[in-house]
Amino acid sequence: MRTREDLEAVVEAAGWAPSVHNSQPWSFAIAGDEISLRADVDRRLRAADPEGRELLLSCGAALFNVRTAIRALGYEPLVRTLPDPDRPALLATVRIGPAEAVDEHTEVIRSEIPRRRTHRAGFSGRRVPEHLLDALVGEAEREGARLTPVGAEAAIRVVAALTTAAQEVQAQDRDFSLEMIRWGRPPGSKYRDGVPADAYPQEARRTHPHFAQRDYARGQGWGKPDDQPMATDTGVVALLTTRSDTRADWLRAGQALQAVLLHAAAAGVAAAFHTQALEHPQLRDFIRAQLCSGEFPQMVMRLGYPTSRTRGVRRPLADVLDEGGSPG
């Protein structure tokens, strides 16, 4: 039997989804046996994400967590995405459906929701096995997206170079820099969002080829001391794409992303995200045409075995659960 506490636990699980700069751009409402997911547009990155694509990817990942947590309770989630054109902030409603048996896969994936962490450094030299990559490709496909591990060294160098170029351009842009200031948290910060100072290395070691990392410290010496000198492997570079580029596709891509991340986490594999080039329309178009066979790139990531673990911070339930009940 479902209780209010059960549904609040589902919302708490949703809040552990990854989001750009850990901005957590979502809110929820509970009405009876239905959970509504709403975009919190005040948390959108206006310089990096003016159309809200990354916001919807983030919310799509949260939606996948809602679905998984409901299945782990022993019920089928009945999902409607973008249910009301007159309320564009209302991204999805999920109703508790009929009872269904909980399989082992659901239990494993549900347990990874609060444990998964975004990685912001190099990986160990341990290879990600092909059978796991094949499984991750399958997870994305089931959610309506395509995950493509990049095998050609030349293509990997191109993606790395575009990431670095975009990072350097953004570092000189005042609006991008202000967003980094907003979401990069100093040591000892009490905020439960943004990127805490112990979530990245003080000085990231270079991978080969090198993928530029976000500069959340902004030259102030924040970050974890380097205690993992062997973490210099790039890992597996992968592109997540969709055939079209609508708001529904962005939500779909976010669900696919989280399916991949949780399945990977269950095998000890973490992901580092590199969205810099996708935040520049010309570079995103280039990646689409030259590396994605015309499909739309939604995420650039590296997959590998981390040598250390960081803590996660999330806003408390009271901050994300709208007690007023109206999700529009």
# chains A, B, ... in the order shown; residues from 1 in each chain; ligands from 1

call {"tool": "select_by_dssp", "arguments": {"residues": "region 137-176 of chain A", "states": "alpha helix (DSSP H)", "output": "PyMOL selection string"}}
result
chain A and resi 137-142+153-171+174-176

call {"tool": "residues_around", "arguments": {"residues": "region 300-310 of chain A", "least_positions_apart": "3", "cutoff": "8 Å", "atoms": "only C-alpha atoms", "output": "PyMOL selection string"}}
result
chain A and resi 117+119+122-128+198-200+228+231+234-240+268-275+297

call {"tool": "write_last_selection", "arguments": {"atoms": "N, CA, C and O atoms", "output": "compact mmCIF listing (two decimals), in the first residue's frame"}}
result
# COMPACT_ATOMS: atom_id res chain seq x y z
N ARG A 117 27.96 9.22 -8.60
CA ARG A 117 28.59 10.53 -8.52
C ARG A 117 29.15 10.92 -9.89
O ARG A 117 29.67 10.07 -10.62
N HIS A 119 32.06 12.42 -12.09
CA HIS A 119 33.51 12.43 -11.96
C HIS A 119 34.08 13.65 -12.66
O HIS A 119 33.57 14.07 -13.70
N GLY A 122 40.68 12.48 -14.32
CA GLY A 122 41.01 11.31 -15.13
C GLY A 122 40.61 10.03 -14.42
O GLY A 122 40.19 10.02 -13.26
N PHE A 123 40.74 8.92 -15.15
CA PHE A 123 40.38 7.61 -14.62
C PHE A 123 41.64 6.75 -14.44
O PHE A 123 42.73 7.10 -14.91
N SER A 124 41.45 5.62 -13.78
CA SER A 124 42.52 4.64 -13.71
C SER A 124 42.70 4.00 -15.09
O SER A 124 41.88 4.21 -16.00
N GLY A 125 43.74 3.24 -15.25
CA GLY A 125 44.00 2.62 -16.55
C GLY A 125 43.19 1.36 -16.80
O GLY A 125 43.33 0.74 -17.86
N ARG A 126 42.33 0.97 -15.89
CA ARG A 126 41.52 -0.24 -16.07
C ARG A 126 40.53 -0.04 -17.21
O ARG A 126 39.83 0.97 -17.28
N ARG A 127 40.47 -0.99 -18.12
CA ARG A 127 39.63 -0.86 -19.31
C ARG A 127 38.17 -1.17 -19.00
O ARG A 127 37.86 -2.11 -18.26
N VAL A 128 37.27 -0.40 -19.55
CA VAL A 128 35.84 -0.71 -19.47
C VAL A 128 35.56 -1.84 -20.45
O VAL A 128 35.84 -1.71 -21.65
N ASP A 198 35.17 20.17 -2.75
CA ASP A 198 35.84 18.88 -2.65
C ASP A 198 35.33 17.88 -3.69
O ASP A 198 35.57 16.68 -3.57
N ALA A 199 34.63 18.38 -4.72
CA ALA A 199 34.09 17.50 -5.76
C ALA A 199 34.98 17.44 -7.00
O ALA A 199 34.60 16.83 -8.00
N TYR A 200 36.16 18.08 -6.94
CA TYR A 200 37.07 18.07 -8.09
C TYR A 200 38.49 18.23 -7.55
O TYR A 200 38.70 18.72 -6.42
N GLN A 228 45.78 11.02 -6.01
CA GLN A 228 45.59 9.94 -6.98
C GLN A 228 46.44 10.21 -8.21
O GLN A 228 45.94 10.54 -9.29
N ALA A 231 45.63 8.71 -11.84
CA ALA A 231 44.35 8.92 -12.51
C ALA A 231 44.53 9.84 -13.72
O ALA A 231 44.16 11.01 -13.69
N THR A 234 42.03 8.78 -20.05
CA THR A 234 40.85 9.47 -20.58
C THR A 234 39.59 8.67 -20.37
O THR A 234 38.51 9.23 -20.13
N GLY A 235 39.67 7.34 -20.41
CA GLY A 235 38.49 6.50 -20.37
C GLY A 235 37.88 6.37 -21.75
O GLY A 235 38.50 6.69 -22.77
N VAL A 236 36.65 5.90 -21.80
CA VAL A 236 35.93 5.73 -23.06
C VAL A 236 35.13 6.99 -23.34
O VAL A 236 34.29 7.39 -22.53
N VAL A 237 35.39 7.63 -24.46
CA VAL A 237 34.63 8.80 -24.87
C VAL A 237 33.35 8.32 -25.56
O VAL A 237 33.40 7.43 -26.42
N ALA A 238 32.22 8.88 -25.18
CA ALA A 238 30.94 8.45 -25.74
C ALA A 238 30.05 9.65 -26.01
O ALA A 238 30.09 10.65 -25.28
N LEU A 239 29.24 9.55 -27.05
CA LEU A 239 28.30 10.58 -27.44
C LEU A 239 26.89 10.05 -27.29
O LEU A 239 26.58 8.94 -27.76
N LEU A 240 26.02 10.82 -26.65
CA LEU A 240 24.60 10.48 -26.54
C LEU A 240 23.84 11.37 -27.51
O LEU A 240 23.95 12.61 -27.45
N GLY A 268 30.67 -0.19 -11.17
CA GLY A 268 31.83 0.54 -10.68
C GLY A 268 32.37 1.58 -11.64
O GLY A 268 33.45 2.14 -11.41
N VAL A 269 31.64 1.88 -12.71
CA VAL A 269 32.08 2.84 -13.73
C VAL A 269 31.39 4.18 -13.51
O VAL A 269 30.18 4.24 -13.27
N ALA A 270 32.16 5.26 -13.58
CA ALA A 270 31.63 6.62 -13.42
C ALA A 270 31.73 7.37 -14.74
O ALA A 270 32.40 6.93 -15.68
N ALA A 271 31.07 8.51 -14.78
CA ALA A 271 31.08 9.34 -16.00
C ALA A 271 31.54 10.75 -15.67
O ALA A 271 31.20 11.31 -14.63
N ALA A 272 32.33 11.31 -16.59
CA ALA A 272 32.70 12.72 -16.56
C ALA A 272 32.01 13.39 -17.74
O ALA A 272 32.05 12.87 -18.86
N PHE A 273 31.36 14.51 -17.50
CA PHE A 273 30.60 15.19 -18.54
C PHE A 273 31.39 16.35 -19.12
O PHE A 273 32.10 17.07 -18.40
N HIS A 274 31.24 16.54 -20.43
CA HIS A 274 31.91 17.65 -21.12
C HIS A 274 30.92 18.29 -22.08
O HIS A 274 30.87 17.94 -23.27
N THR A 275 30.15 19.23 -21.56
CA THR A 275 29.10 19.85 -22.37
C THR A 275 29.54 21.18 -22.99
O THR A 275 28.74 21.83 -23.67
N PRO A 297 23.69 15.76 -31.00
CA PRO A 297 24.43 15.40 -29.78
C PRO A 297 23.79 16.07 -28.56
O PRO A 297 23.56 17.29 -28.56

call {"tool": "closest_residue", "arguments": {"among": "A:Arg206, A:Arg115, A:Arg284, A:Arg182", "to": "Ala17 (chain A)", "atoms": "only C-alpha atoms"}}
result
A:Arg115

call {"tool": "closest_atom_pairs", "arguments": {"of": "region 69-166 of chain A", "to": "region 40-57 of chain A", "cutoff": "10 Å", "atoms": "only C-alpha atoms", "output": "CSV"}}
result
residue,atom,partner,partner_atom,distance
A:Ala89,CA,A:Asp40,CA,7.5
A:Leu90,CA,A:Asp40,CA,9.6
A:Leu91,CA,A:Leu56,CA,8.3

call {"tool": "residues_around", "arguments": {"residues": "Leu63 (chain A)", "least_positions_apart": "2", "cutoff": "8 Å", "atoms": "only C-alpha atoms", "output": "list in words"}}
result
Ala14, Leu37, Cys59, Gly60, Ala61, Asn65, Val66, Arg67, Ala92 and Gln255 of chain A

call {"tool": "write_last_selection", "arguments": {"atoms": "all heavy atoms", "output": "mmCIF file, in the first residue's frame"}}
result
data_model
loop_
_atom_site.group_PDB
_atom_site.id
_atom_site.type_symbol
_atom_site.label_atom_id
_atom_site.label_comp_id
_atom_site.auth_asym_id
_atom_site.auth_seq_id
_atom_site.Cartn_x
_atom_site.Cartn_y
_atom_site.Cartn_z
ATOM 1 N N ALA A 14 14.434 11.181 -6.871
ATOM 2 C CA ALA A 14 14.513 11.996 -8.086
ATOM 3 C C ALA A 14 15.569 13.073 -7.938
ATOM 4 O O ALA A 14 16.300 13.392 -8.886
ATOM 5 C CB ALA A 14 13.159 12.624 -8.383
ATOM 6 N N LEU A 37 6.368 16.649 -12.182
ATOM 7 C CA LEU A 37 7.729 17.175 -12.317
ATOM 8 C C LEU A 37 7.667 18.488 -13.082
ATOM 9 O O LEU A 37 7.100 18.544 -14.179
ATOM 10 C CB LEU A 37 8.615 16.168 -13.068
ATOM 11 C CG LEU A 37 9.961 16.678 -13.593
ATOM 12 C CD1 LEU A 37 10.877 17.129 -12.454
ATOM 13 C CD2 LEU A 37 10.646 15.590 -14.438
ATOM 14 N N CYS A 59 16.211 17.339 -15.979
ATOM 15 C CA CYS A 59 14.909 16.921 -15.489
ATOM 16 C C CYS A 59 14.522 15.538 -16.016
ATOM 17 O O CYS A 59 13.838 14.769 -15.326
ATOM 18 C CB CYS A 59 13.852 17.955 -15.873
ATOM 19 S SG CYS A 59 13.994 19.511 -14.944
ATOM 20 N N GLY A 60 14.973 15.215 -17.227
ATOM 21 C CA GLY A 60 14.736 13.871 -17.735
ATOM 22 C C GLY A 60 15.421 12.817 -16.885
ATOM 23 O O GLY A 60 14.864 11.739 -16.628
ATOM 24 N N ALA A 61 16.637 13.120 -16.424
ATOM 25 C CA ALA A 61 17.333 12.194 -15.531
ATOM 26 C C ALA A 61 16.556 12.024 -14.232
ATOM 27 O O ALA A 61 16.439 10.912 -13.690
ATOM 28 C CB ALA A 61 18.750 12.701 -15.253
ATOM 29 N N ASN A 65 14.652 8.609 -12.469
ATOM 30 C CA ASN A 65 14.728 8.199 -11.069
ATOM 31 C C ASN A 65 13.338 7.986 -10.479
ATOM 32 O O ASN A 65 13.120 7.047 -9.695
ATOM 33 C CB ASN A 65 15.483 9.242 -10.249
ATOM 34 C CG ASN A 65 16.985 9.145 -10.419
ATOM 35 O OD1 ASN A 65 17.488 8.334 -11.195
ATOM 36 N ND2 ASN A 65 17.715 9.988 -9.709
ATOM 37 N N VAL A 66 12.394 8.865 -10.829
ATOM 38 C CA VAL A 66 11.014 8.688 -10.360
ATOM 39 C C VAL A 66 10.475 7.345 -10.826
ATOM 40 O O VAL A 66 9.914 6.565 -10.037
ATOM 41 C CB VAL A 66 10.116 9.845 -10.864
ATOM 42 C CG1 VAL A 66 8.642 9.531 -10.608
ATOM 43 C CG2 VAL A 66 10.494 11.150 -10.195
ATOM 44 N N ARG A 67 10.627 7.054 -12.102
ATOM 45 C CA ARG A 67 10.135 5.791 -12.644
ATOM 46 C C ARG A 67 10.763 4.596 -11.939
ATOM 47 O O ARG A 67 10.081 3.635 -11.580
ATOM 48 C CB ARG A 67 10.447 5.725 -14.144
ATOM 49 C CG ARG A 67 9.673 6.717 -14.994
ATOM 50 C CD ARG A 67 10.256 6.808 -16.403
ATOM 51 N NE ARG A 67 10.508 5.489 -16.966
ATOM 52 C CZ ARG A 67 11.413 5.235 -17.914
ATOM 53 N NH1 ARG A 67 12.153 6.228 -18.394
ATOM 54 N NH2 ARG A 67 11.564 4.020 -18.374
ATOM 55 N N ALA A 92 6.281 16.557 -16.748
ATOM 56 C CA ALA A 92 5.772 15.184 -16.708
ATOM 57 C C ALA A 92 4.879 14.996 -15.496
ATOM 58 O O ALA A 92 5.029 15.670 -14.470
ATOM 59 C CB ALA A 92 6.923 14.180 -16.652
ATOM 60 N N GLN A 255 16.508 10.842 -19.702
ATOM 61 C CA GLN A 255 16.169 9.530 -19.143
ATOM 62 C C GLN A 255 17.168 8.476 -19.611
ATOM 63 O O GLN A 255 17.602 7.618 -18.824
ATOM 64 C CB GLN A 255 14.742 9.148 -19.548
ATOM 65 C CG GLN A 255 13.691 10.040 -18.906
ATOM 66 C CD GLN A 255 12.294 9.749 -19.419
ATOM 67 O OE1 GLN A 255 11.619 8.829 -18.955
ATOM 68 N NE2 GLN A 255 11.847 10.552 -20.387
#
